[in-house]
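Trainee: Data file protein.pdb (PDB, C-alpha atoms and all ligand atoms) is appended below.
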ATOM      1  CA  MET Z 127    -127.536  18.294 -80.358  1.00  0.00           C
ATOM      2  CA  ILE Z 128    -124.193  17.096 -79.025  1.00  0.00           C
ATOM      3  CA  ILE Z 129    -121.090  18.455 -80.746  1.00  0.00           C
ATOM      4  CA  ALA Z 130    -117.579  17.166 -80.236  1.00  0.00           C
ATOM      5  CA  LEU Z 131    -114.874  19.859 -80.096  1.00  0.00           C
ATOM      6  CA  THR Z 132    -111.679  17.931 -80.598  1.00  0.00           C
ATOM      7  CA  GLY Z 133    -108.112  18.464 -81.775  1.00  0.00           C
ATOM      8  CA  THR Z 134    -104.544  17.753 -80.781  1.00  0.00           C
ATOM      9  CA  PRO Z 135    -103.712  19.121 -77.301  1.00  0.00           C
ATOM     10  CA  GLY Z 136    -102.764  22.800 -77.559  1.00  0.00           C
ATOM     11  CA  THR Z 137    -105.045  23.606 -80.519  1.00  0.00           C
ATOM     12  CA  GLY Z 138    -107.268  25.744 -78.267  1.00  0.00           C
ATOM     13  CA  LYS Z 139    -110.255  23.557 -77.372  1.00  0.00           C
ATOM     14  CA  THR Z 140    -110.585  24.614 -73.736  1.00  0.00           C
ATOM     15  CA  SER Z 141    -109.923  28.325 -74.392  1.00  0.00           C
ATOM     16  CA  ILE Z 142    -112.537  28.354 -77.157  1.00  0.00           C
ATOM     17  CA  ALA Z 143    -115.058  26.248 -75.199  1.00  0.00           C
ATOM     18  CA  SER Z 144    -114.789  28.825 -72.425  1.00  0.00           C
ATOM     19  CA  ILE Z 145    -115.741  31.647 -74.833  1.00  0.00           C
ATOM     20  CA  LEU Z 146    -118.566  29.559 -76.309  1.00  0.00           C
ATOM     21  CA  ASN Z 147    -119.879  29.131 -72.779  1.00  0.00           C
ATOM     22  CA  LYS Z 148    -119.362  32.639 -71.383  1.00  0.00           C
ATOM     23  CA  LYS Z 149    -120.033  34.793 -74.431  1.00  0.00           C
ATOM     24  CA  TYR Z 150    -122.432  32.642 -76.442  1.00  0.00           C
ATOM     25  CA  GLU Z 151    -124.085  30.845 -73.499  1.00  0.00           C
ATOM     26  CA  ILE Z 152    -123.576  27.385 -75.002  1.00  0.00           C
ATOM     27  CA  GLU Z 153    -123.391  24.523 -72.533  1.00  0.00           C
ATOM     28  CA  THR Z 154    -119.930  22.963 -72.571  1.00  0.00           C
ATOM     29  CA  VAL Z 155    -118.588  19.822 -70.927  1.00  0.00           C
ATOM     30  CA  HIS Z 156    -114.871  19.446 -70.253  1.00  0.00           C
ATOM     31  CA  ILE Z 157    -114.438  15.713 -70.869  1.00  0.00           C
ATOM     32  CA  HIS Z 158    -111.533  15.144 -68.510  1.00  0.00           C
ATOM     33  CA  SER Z 159    -113.147  16.981 -65.583  1.00  0.00           C
ATOM     34  CA  PHE Z 160    -116.410  15.157 -66.276  1.00  0.00           C
ATOM     35  CA  ALA Z 161    -114.654  11.762 -66.246  1.00  0.00           C
ATOM     36  CA  LYS Z 162    -112.964  12.641 -62.947  1.00  0.00           C
ATOM     37  CA  GLN Z 163    -116.222  13.835 -61.434  1.00  0.00           C
ATOM     38  CA  GLU Z 164    -117.995  10.633 -62.536  1.00  0.00           C
ATOM     39  CA  ASP Z 165    -115.074   8.549 -61.269  1.00  0.00           C
ATOM     40  CA  ILE Z 166    -114.617   6.729 -64.574  1.00  0.00           C
ATOM     41  CA  ILE Z 167    -110.877   7.168 -64.962  1.00  0.00           C
ATOM     42  CA  GLU Z 168    -109.700   3.585 -65.246  1.00  0.00           C
ATOM     43  CA  ASP Z 169    -105.965   3.793 -65.091  1.00  0.00           C
ATOM     44  CA  PHE Z 170    -102.940   6.016 -65.538  1.00  0.00           C
ATOM     45  CA  ASP Z 171    -100.570   5.705 -68.475  1.00  0.00           C
ATOM     46  CA  VAL Z 172     -97.214   6.325 -66.783  1.00  0.00           C
ATOM     47  CA  LYS Z 173     -95.272   6.681 -70.027  1.00  0.00           C
ATOM     48  CA  ARG Z 174     -97.657   9.240 -71.495  1.00  0.00           C
ATOM     49  CA  LYS Z 175     -98.496  10.778 -68.119  1.00  0.00           C
ATOM     50  CA  SER Z 176    -102.189  10.694 -68.971  1.00  0.00           C
ATOM     51  CA  ASP Z 177    -105.362   9.127 -67.595  1.00  0.00           C
ATOM     52  CA  ILE Z 178    -107.036   6.231 -69.383  1.00  0.00           C
ATOM     53  CA  ILE Z 179    -110.789   6.516 -69.846  1.00  0.00           C
ATOM     54  CA  ASP Z 180    -113.161   3.821 -71.171  1.00  0.00           C
ATOM     55  CA  ILE Z 181    -114.859   5.454 -74.157  1.00  0.00           C
ATOM     56  CA  GLU Z 182    -118.059   3.401 -73.983  1.00  0.00           C
ATOM     57  CA  ILE Z 183    -118.615   4.102 -70.302  1.00  0.00           C
ATOM     58  CA  LEU Z 184    -117.891   7.775 -70.957  1.00  0.00           C
ATOM     59  CA  ASN Z 185    -120.399   7.825 -73.807  1.00  0.00           C
ATOM     60  CA  ASP Z 186    -123.132   6.254 -71.622  1.00  0.00           C
ATOM     61  CA  LYS Z 187    -122.480   8.678 -68.765  1.00  0.00           C
ATOM     62  CA  ILE Z 188    -122.654  11.690 -71.080  1.00  0.00           C
ATOM     63  CA  ILE Z 189    -125.930  10.537 -72.613  1.00  0.00           C
ATOM     64  CA  LYS Z 190    -127.396  10.079 -69.119  1.00  0.00           C
ATOM     65  CA  ASN Z 191    -126.156  13.436 -67.855  1.00  0.00           C
ATOM     66  CA  VAL Z 192    -126.900  15.878 -70.660  1.00  0.00           C
ATOM     67  CA  ASN Z 193    -130.093  17.154 -72.174  1.00  0.00           C
ATOM     68  CA  GLN Z 194    -129.666  16.136 -75.798  1.00  0.00           C
ATOM     69  CA  ASP Z 195    -132.406  18.533 -76.904  1.00  0.00           C
ATOM     70  CA  SER Z 196    -130.176  21.483 -76.132  1.00  0.00           C
ATOM     71  CA  LEU Z 197    -126.859  22.358 -77.702  1.00  0.00           C
ATOM     72  CA  ILE Z 198    -123.906  20.768 -75.873  1.00  0.00           C
ATOM     73  CA  VAL Z 199    -120.260  21.132 -76.832  1.00  0.00           C
ATOM     74  CA  LEU Z 200    -117.914  18.416 -75.567  1.00  0.00           C
ATOM     75  CA  ASP Z 201    -114.395  19.773 -75.047  1.00  0.00           C
ATOM     76  CA  GLY Z 202    -111.657  17.172 -75.291  1.00  0.00           C
ATOM     77  CA  HIS Z 203    -109.266  15.312 -77.560  1.00  0.00           C
ATOM     78  CA  LEU Z 204    -111.261  12.098 -76.970  1.00  0.00           C
ATOM     79  CA  SER Z 205    -114.651  13.640 -77.802  1.00  0.00           C
ATOM     80  CA  HIS Z 206    -114.600  12.507 -81.452  1.00  0.00           C
ATOM     81  CA  LEU Z 207    -114.197   8.885 -80.307  1.00  0.00           C
ATOM     82  CA  LEU Z 208    -117.617   9.020 -78.642  1.00  0.00           C
ATOM     83  CA  SER Z 209    -120.669   7.937 -80.597  1.00  0.00           C
ATOM     84  CA  CYS Z 210    -123.070  10.479 -79.020  1.00  0.00           C
ATOM     85  CA  PRO Z 211    -121.978  13.623 -80.958  1.00  0.00           C
ATOM     86  CA  SER Z 212    -123.903  14.250 -84.157  1.00  0.00           C
ATOM     87  CA  LYS Z 213    -121.215  16.603 -85.451  1.00  0.00           C
ATOM     88  CA  VAL Z 214    -117.465  16.827 -84.891  1.00  0.00           C
ATOM     89  CA  ILE Z 215    -115.415  20.033 -85.029  1.00  0.00           C
ATOM     90  CA  ILE Z 216    -111.661  19.494 -85.229  1.00  0.00           C
ATOM     91  CA  LEU Z 217    -109.328  22.346 -84.348  1.00  0.00           C
ATOM     92  CA  ARG Z 218    -106.092  22.224 -86.324  1.00  0.00           C
ATOM     93  CA  CYS Z 219    -102.929  24.219 -85.782  1.00  0.00           C
ATOM     94  CA  ASN Z 220     -99.662  24.757 -87.613  1.00  0.00           C
ATOM     95  CA  PRO Z 221     -97.246  22.283 -85.965  1.00  0.00           C
ATOM     96  CA  LEU Z 222     -94.601  24.995 -85.449  1.00  0.00           C
ATOM     97  CA  ILE Z 223     -97.057  27.041 -83.378  1.00  0.00           C
ATOM     98  CA  LEU Z 224     -98.324  23.925 -81.646  1.00  0.00           C
ATOM     99  CA  GLU Z 225     -94.798  22.938 -80.650  1.00  0.00           C
ATOM    100  CA  THR Z 226     -94.270  26.286 -78.920  1.00  0.00           C
ATOM    101  CA  ARG Z 227     -97.551  25.871 -77.023  1.00  0.00           C
ATOM    102  CA  LEU Z 228     -96.801  22.317 -75.961  1.00  0.00           C
ATOM    103  CA  LYS Z 229     -93.312  23.308 -74.803  1.00  0.00           C
ATOM    104  CA  ALA Z 230     -94.953  25.965 -72.627  1.00  0.00           C
ATOM    105  CA  LYS Z 231     -96.975  23.183 -70.976  1.00  0.00           C
ATOM    106  CA  GLU Z 232     -93.615  21.721 -69.881  1.00  0.00           C
ATOM    107  CA  TRP Z 233     -94.520  18.277 -71.133  1.00  0.00           C
ATOM    108  CA  ASN Z 234     -91.728  15.788 -71.721  1.00  0.00           C
ATOM    109  CA  LYS Z 235     -90.083  15.676 -75.153  1.00  0.00           C
ATOM    110  CA  GLU Z 236     -91.650  12.332 -76.060  1.00  0.00           C
ATOM    111  CA  LYS Z 237     -95.185  13.500 -75.314  1.00  0.00           C
ATOM    112  CA  ILE Z 238     -94.641  16.710 -77.301  1.00  0.00           C
ATOM    113  CA  ARG Z 239     -93.308  14.728 -80.269  1.00  0.00           C
ATOM    114  CA  GLU Z 240     -96.172  12.271 -80.122  1.00  0.00           C
ATOM    115  CA  ASN Z 241     -98.693  15.115 -80.355  1.00  0.00           C
ATOM    116  CA  ILE Z 242     -96.841  17.012 -83.103  1.00  0.00           C
ATOM    117  CA  GLU Z 243     -96.677  13.790 -85.063  1.00  0.00           C
ATOM    118  CA  ALA Z 244    -100.418  13.206 -84.557  1.00  0.00           C
ATOM    119  CA  GLU Z 245    -101.151  16.724 -85.877  1.00  0.00           C
ATOM    120  CA  ILE Z 246     -98.905  16.329 -88.947  1.00  0.00           C
ATOM    121  CA  LEU Z 247    -100.350  12.905 -89.758  1.00  0.00           C
ATOM    122  CA  ASP Z 248    -104.010  14.066 -89.425  1.00  0.00           C
ATOM    123  CA  LEU Z 249    -104.619  11.396 -86.789  1.00  0.00           C
ATOM    124  CA  ILE Z 250    -107.742  12.903 -85.222  1.00  0.00           C
ATOM    125  CA  GLU Z 251    -109.208  13.767 -88.621  1.00  0.00           C
ATOM    126  CA  THR Z 252    -108.774  10.168 -89.787  1.00  0.00           C
ATOM    127  CA  GLU Z 253    -110.370   8.780 -86.621  1.00  0.00           C
ATOM    128  CA  ALA Z 254    -113.253  11.276 -86.714  1.00  0.00           C
ATOM    129  CA  VAL Z 255    -114.103  10.671 -90.376  1.00  0.00           C
ATOM    130  CA  GLU Z 256    -113.915   6.900 -89.880  1.00  0.00           C
ATOM    131  CA  LEU Z 257    -116.339   7.037 -86.961  1.00  0.00           C
ATOM    132  CA  HIS Z 258    -118.669   9.868 -87.947  1.00  0.00           C
ATOM    133  CA  SER Z 259    -118.275  10.099 -91.786  1.00  0.00           C
ATOM    134  CA  MET Z 260    -117.044  13.052 -93.863  1.00  0.00           C
ATOM    135  CA  ASP Z 261    -120.469  14.607 -93.808  1.00  0.00           C
ATOM    136  CA  ASN Z 262    -120.496  15.131 -90.045  1.00  0.00           C
ATOM    137  CA  VAL Z 263    -116.939  16.364 -89.586  1.00  0.00           C
ATOM    138  CA  VAL Z 264    -115.452  19.838 -90.083  1.00  0.00           C
ATOM    139  CA  GLU Z 265    -111.941  21.039 -89.388  1.00  0.00           C
ATOM    140  CA  ILE Z 266    -110.779  24.577 -88.754  1.00  0.00           C
ATOM    141  CA  ASP Z 267    -107.227  25.826 -89.223  1.00  0.00           C
ATOM    142  CA  THR Z 268    -106.853  28.040 -86.155  1.00  0.00           C
ATOM    143  CA  SER Z 269    -103.249  29.080 -86.867  1.00  0.00           C
ATOM    144  CA  ASN Z 270    -104.018  32.625 -88.002  1.00  0.00           C
ATOM    145  CA  TYR Z 271    -107.029  33.406 -85.823  1.00  0.00           C
ATOM    146  CA  SER Z 272    -107.576  34.524 -82.263  1.00  0.00           C
ATOM    147  CA  ILE Z 273    -109.578  32.343 -79.896  1.00  0.00           C
ATOM    148  CA  ASN Z 274    -112.438  34.888 -80.105  1.00  0.00           C
ATOM    149  CA  GLU Z 275    -112.492  34.672 -83.903  1.00  0.00           C
ATOM    150  CA  ILE Z 276    -112.591  30.873 -83.816  1.00  0.00           C
ATOM    151  CA  ALA Z 277    -115.340  30.858 -81.181  1.00  0.00           C
ATOM    152  CA  LYS Z 278    -117.374  33.104 -83.507  1.00  0.00           C
ATOM    153  CA  ILE Z 279    -116.814  30.750 -86.473  1.00  0.00           C
ATOM    154  CA  ILE Z 280    -117.966  27.816 -84.337  1.00  0.00           C
ATOM    155  CA  TYR Z 281    -120.962  29.719 -82.998  1.00  0.00           C
ATOM    156  CA  GLU Z 282    -122.021  30.541 -86.562  1.00  0.00           C
ATOM    157  CA  LEU Z 283    -121.533  26.953 -87.710  1.00  0.00           C
ATOM    158  CA  VAL Z 284    -123.561  25.407 -84.889  1.00  0.00           C
ATOM    159  CA  THR Z 285    -126.386  27.945 -84.991  1.00  0.00           C
ATOM    160  CA  SER Z 286    -126.739  27.663 -88.788  1.00  0.00           C
ATOM    161  CA  ASN Z 287    -126.810  23.852 -88.643  1.00  0.00           C
ATOM    162  CA  PHE Z 288    -123.385  23.794 -90.310  1.00  0.00           C
ATOM    163  CA  LEU Z 289    -124.524  25.749 -93.381  1.00  0.00           C
ATOM    164  CA  ASP Z 290    -120.941  26.728 -94.261  1.00  0.00           C
ATOM    165  CA  LYS Z 291    -119.487  23.279 -93.672  1.00  0.00           C
ATOM    166  CA  ALA Z 292    -118.059  22.916 -97.201  1.00  0.00           C
ATOM    167  CA  LYS Z 293    -115.562  25.640 -96.267  1.00  0.00           C
ATOM    168  CA  TYR Z 294    -114.253  23.418 -93.473  1.00  0.00           C
ATOM    169  CA  SER Z 295    -114.295  20.015 -95.168  1.00  0.00           C
ATOM    170  CA  PRO Z 296    -111.941  17.418 -93.753  1.00  0.00           C
ATOM    171  CA  GLY Z 297    -108.891  16.840 -95.936  1.00  0.00           C
ATOM    172  CA  THR Z 298    -108.235  20.476 -96.847  1.00  0.00           C
ATOM    173  CA  ILE Z 299    -105.574  21.033 -94.187  1.00  0.00           C
ATOM    174  CA  ASP Z 300    -102.229  19.488 -95.037  1.00  0.00           C
ATOM    175  CA  TRP Z 301     -99.147  19.848 -92.831  1.00  0.00           C
ATOM    176  CA  SER Z 302     -97.077  17.266 -94.737  1.00  0.00           C
ATOM    177  CA  GLU Z 303     -94.573  19.848 -95.998  1.00  0.00           C
ATOM    178  CA  MET Z 304     -93.601  20.303 -92.344  1.00  0.00           C
ATOM    179  CA  LEU Z 305     -91.749  17.025 -92.688  1.00  0.00           C
ATOM    180  CA  LEU Z 306     -89.154  18.924 -94.750  1.00  0.00           C
ATOM    181  CA  LYS Z 307     -88.452  21.345 -91.900  1.00  0.00           C
ATOM    182  CA  ASP Z 308     -85.340  20.875 -89.766  1.00  0.00           C
ATOM    183  CA  GLU Z 309     -87.474  21.195 -86.615  1.00  0.00           C
ATOM    184  CA  PHE Z 310     -89.295  17.990 -87.487  1.00  0.00           C
ATOM    185  CA  SER Z 311     -86.464  15.971 -89.032  1.00  0.00           C
ATOM    186  CA  TRP Z 312     -86.835  13.493 -86.119  1.00  0.00           C
ATOM    187  CA  MET Z 313     -90.090  12.339 -87.742  1.00  0.00           C
ATOM    188  CA  VAL Z 314     -88.420  11.158 -90.928  1.00  0.00           C
ATOM    189  CA  ASP Z 315     -85.033  10.025 -89.515  1.00  0.00           C
TER
HETATM  190  N1  LIG Z 401    -105.935  30.741 -81.569  1.00  0.00           N
HETATM  191  C1  LIG Z 401    -105.077  30.931 -80.591  1.00  0.00           C
HETATM  192  N2  LIG Z 401    -104.261  31.995 -80.598  1.00  0.00           N
HETATM  193  C2  LIG Z 401    -103.343  32.190 -79.624  1.00  0.00           C
HETATM  194  N3  LIG Z 401    -103.184  31.371 -78.560  1.00  0.00           N
HETATM  195  C3  LIG Z 401    -103.977  30.313 -78.478  1.00  0.00           C
HETATM  196  C4  LIG Z 401    -104.966  30.023 -79.483  1.00  0.00           C
HETATM  197  N4  LIG Z 401    -105.591  28.875 -79.133  1.00  0.00           N
HETATM  198  C5  LIG Z 401    -105.030  28.478 -77.986  1.00  0.00           C
HETATM  199  N5  LIG Z 401    -104.061  29.314 -77.586  1.00  0.00           N
HETATM  200  C6  LIG Z 401    -103.219  29.164 -76.384  1.00  0.00           C
HETATM  201  O1  LIG Z 401    -102.660  27.856 -76.420  1.00  0.00           O
HETATM  202  C7  LIG Z 401    -102.642  27.274 -75.128  1.00  0.00           C
HETATM  203  C8  LIG Z 401    -103.394  25.954 -75.148  1.00  0.00           C
HETATM  204  O2  LIG Z 401    -104.777  26.220 -75.333  1.00  0.00           O
HETATM  205  P1  LIG Z 401    -105.897  25.267 -74.755  1.00  0.00           P
HETATM  206  O3  LIG Z 401    -107.192  25.973 -74.915  1.00  0.00           O
HETATM  207  O4  LIG Z 401    -105.531  24.802 -73.378  1.00  0.00           O
HETATM  208  O5  LIG Z 401    -105.787  24.038 -75.759  1.00  0.00           O
HETATM  209  P2  LIG Z 401    -106.409  22.558 -75.649  1.00  0.00           P
HETATM  210  O6  LIG Z 401    -107.584  22.627 -74.710  1.00  0.00           O
HETATM  211  O7  LIG Z 401    -106.789  22.220 -77.063  1.00  0.00           O
HETATM  212  O8  LIG Z 401    -105.295  21.679 -75.160  1.00  0.00           O
HETATM  213  C9  LIG Z 401    -103.247  28.310 -74.179  1.00  0.00           C
HETATM  214  O9  LIG Z 401    -102.191  29.014 -73.568  1.00  0.00           O
HETATM  215  C10 LIG Z 401    -104.039  29.219 -75.109  1.00  0.00           C
HETATM  216  O10 LIG Z 401    -104.130  30.527 -74.614  1.00  0.00           O
HETATM  217 MG    MG Z 402    -108.032  21.464 -73.014  1.00  0.00          MG
END
For the file at hand, write its structure as C-alpha cells.
Ligand SMILES: Nc1ncnc2c1ncn2[C@@H]1O[C@H](COP(=O)(O)OP(=O)(O)O)[C@@H](O)[C@H]1O
Ligand SMILES: [Mg+2]

Mentor:
Amino acid sequence: MIIALTGTPGTGKTSIASILNKKYEIETVHIHSFAKQEDIIEDFDVKRKSDIIDIEILNDKIIKNVNQDSLIVLDGHLSHLLSCPSKVIILRCNPLILETRLKAKEWNKEKIRENIEAEILDLIETEAVELHSMDNVVEIDTSNYSINEIAKIIYELVTSNFLDKAKYSPGTIDWSEMLLKDEFSWMVD
C-alpha cells in the first residue's frame, strides 16, 4: 500500500517520515531526493526557487521502483498529486507556527507568504480530496503535538487500515479566522 504524506512545507513531513522509518521500520521515499536520483527534475522555477517535476513521470517511476505489496510512505508536498497512493495523509499546522518555521528556513518573503496562504486556504486538502476523494484522505492538525506523537498517530492509522479515520476527516481544520490577525493582513489587503 502506498501512502502519500503531504502538507504545506514546514508542517513536519520529513521529520515525521524519519521517525516512521527509524522507529516503526516503515519504508519511506523522500520525493524530491527520489526525483533527483531518477533525474526527472525538468526545470527550475526561478521565482519560487523550486524544482519542477512532471507528476506523471514521477508516478510511473515510483510504481516501477517500489514494492506495492509492502507499506510505503511518500514524503513530499507533491505526493498527493500522484495517482499511485491509495491513501493520503495531510499534515496541517497553525499558520502562526508555520510562519516561524518557514522564516527559520530563510526563504524569501514571497515564498513564505505563498505557503502560509496555501495553508490558510486549505489548498492541499482541496487538491487531495479532488483527486483521491474524501474517503481516502485524512488530515492531522500537528500544531499541539510533537513529531513523535504524530508519527505514532500515523503508525496507528496505517497499521489499522485507517480505522480511526473519521477523527481526521478532511474539512475539520479551519484556519480562516487567521485572516483577522494583523500578521496576515497582507492576505486580505
Ligand atoms: N510537530 C512539531 N513540533 C515541533 N517542531 C516541528 C514539528 N514538526 C516539524 N517541526 C520542525 O519544523 C521544521 C520543518 O520540519 P520538516 O520536517 O522539514 O517539514 P516538511 O518536511 O513538511 O517541510 C523542522 O525544524 C522540524 O524540526
Ligand atoms: Mg520535507

Trainee: Rounded to one decimal, what separation in Å do you get between CA of Leu208 in chain Z and CA of Ile179 in chain Z?

Mentor: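 According to the coordinates, CA of Leu208 in chain Z and CA of Ile179 in chain Z are separated by 11.4 Å.
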
Trainee: Residues near range 165-169 of chain Z, anyone? I mean within 8 Å using all atoms listed in the file, not counting same-chain ones fewer than 6 positions away, as a tab-separated table (two decimals) with C-alpha atoms, keeping the file's coordinate frame.

Mentor:
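Written out: out.tsv:
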chain	number	residue	atom	x	y	z
Z	177	ASP	CA	-105.36	9.13	-67.60
Z	178	ILE	CA	-107.04	6.23	-69.38
Z	179	ILE	CA	-110.79	6.52	-69.85
Z	180	ASP	CA	-113.16	3.82	-71.17
Z	183	ILE	CA	-118.62	4.10	-70.30
Z	184	LEU	CA	-117.89	7.78	-70.96

Trainee: Could I get the residue neighbourhood of ligand MG 402 (chain Z) at 8 Å, counting all atoms listed in the file, as a list in words?

Mentor: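 If we count all atoms listed in the file, the neighbours of ligand MG 402 (chain Z) turn out to be Pro135, Gly136, Gly138, Lys139, Thr140, Ser141, His156, Asp201, Gly202 and His203 of chain Z.
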
Trainee: For Val264 in chain Z, please output as number ranges by chain all residues within 12 Å (counting all atoms listed in the file; exclusion window: fewer than 4 positions along the same chain).

Mentor: Z: 129-133, 206, 212-218, 250-252, 254-255, 258-260, 279-280, 283-284, 288-299

Trainee: For Thr226 in chain Z, which of Z:Asn147, Z:Thr137, Z:Gln163, Z:Ser311 is the closest residue, counting all atoms listed in the file?

Mentor: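 That would be Z:Thr137, the residue with the smallest distance to Thr226 in chain Z.
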
Trainee: Go through Z:Ser196, Z:Ser159, Z:Ser209, Z:Asn220 one by one, measure the shortest atom-to-atom distance of each to Ile181 in chain Z using only C-alpha atoms, and give the residue with the smallest value.

Mentor: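 Smallest distance to Ile181 in chain Z is found for Z:Ser209.
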
Trainee: Between Z:Met127, Z:Ala230, Z:Lys148, Z:Lys175, single out the one closest to Ile189 in chain Z, counting all atoms listed in the file.

Mentor: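 Residue with the minimum atom-to-atom distance to Ile189 in chain Z: Z:Met127.
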
Trainee: Enclose all atoms of ligand LIG 401 (chain Z) listed in the file in an axis-aligned box, grow every side by 5 Å, and hand back centre and edge lengths in Å to one decimal, as AutoDock Vina command-line options.

Mentor:
--center_x -104.9 --center_y 26.9 --center_z -77.5 --size_x 15.4 --size_y 20.5 --size_z 18.2

Trainee: Which is closer to Leu249 in chain Z than all the others in Z:Asp261, Z:Ser144, Z:Tyr281, Z:Asp300, using all atoms listed in the file?

Mentor: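 Distance minimum relative to Leu249 in chain Z lands on Z:Asp300.
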
Trainee: Please indicate the distance in Å from CA of Val155 in chain Z to CA of Ile198 in chain Z, rounded to one decimal place.

Mentor: 7.3 Å

Trainee: Calculated over all atoms listed in the file, which of the candidates Z:Ala277, Z:Ile128, Z:Cys210, Z:Ile157 has the smallest distance to Asp195 in chain Z?

Mentor: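 Closest to Asp195 in chain Z, using all atoms listed in the file: Z:Ile128.
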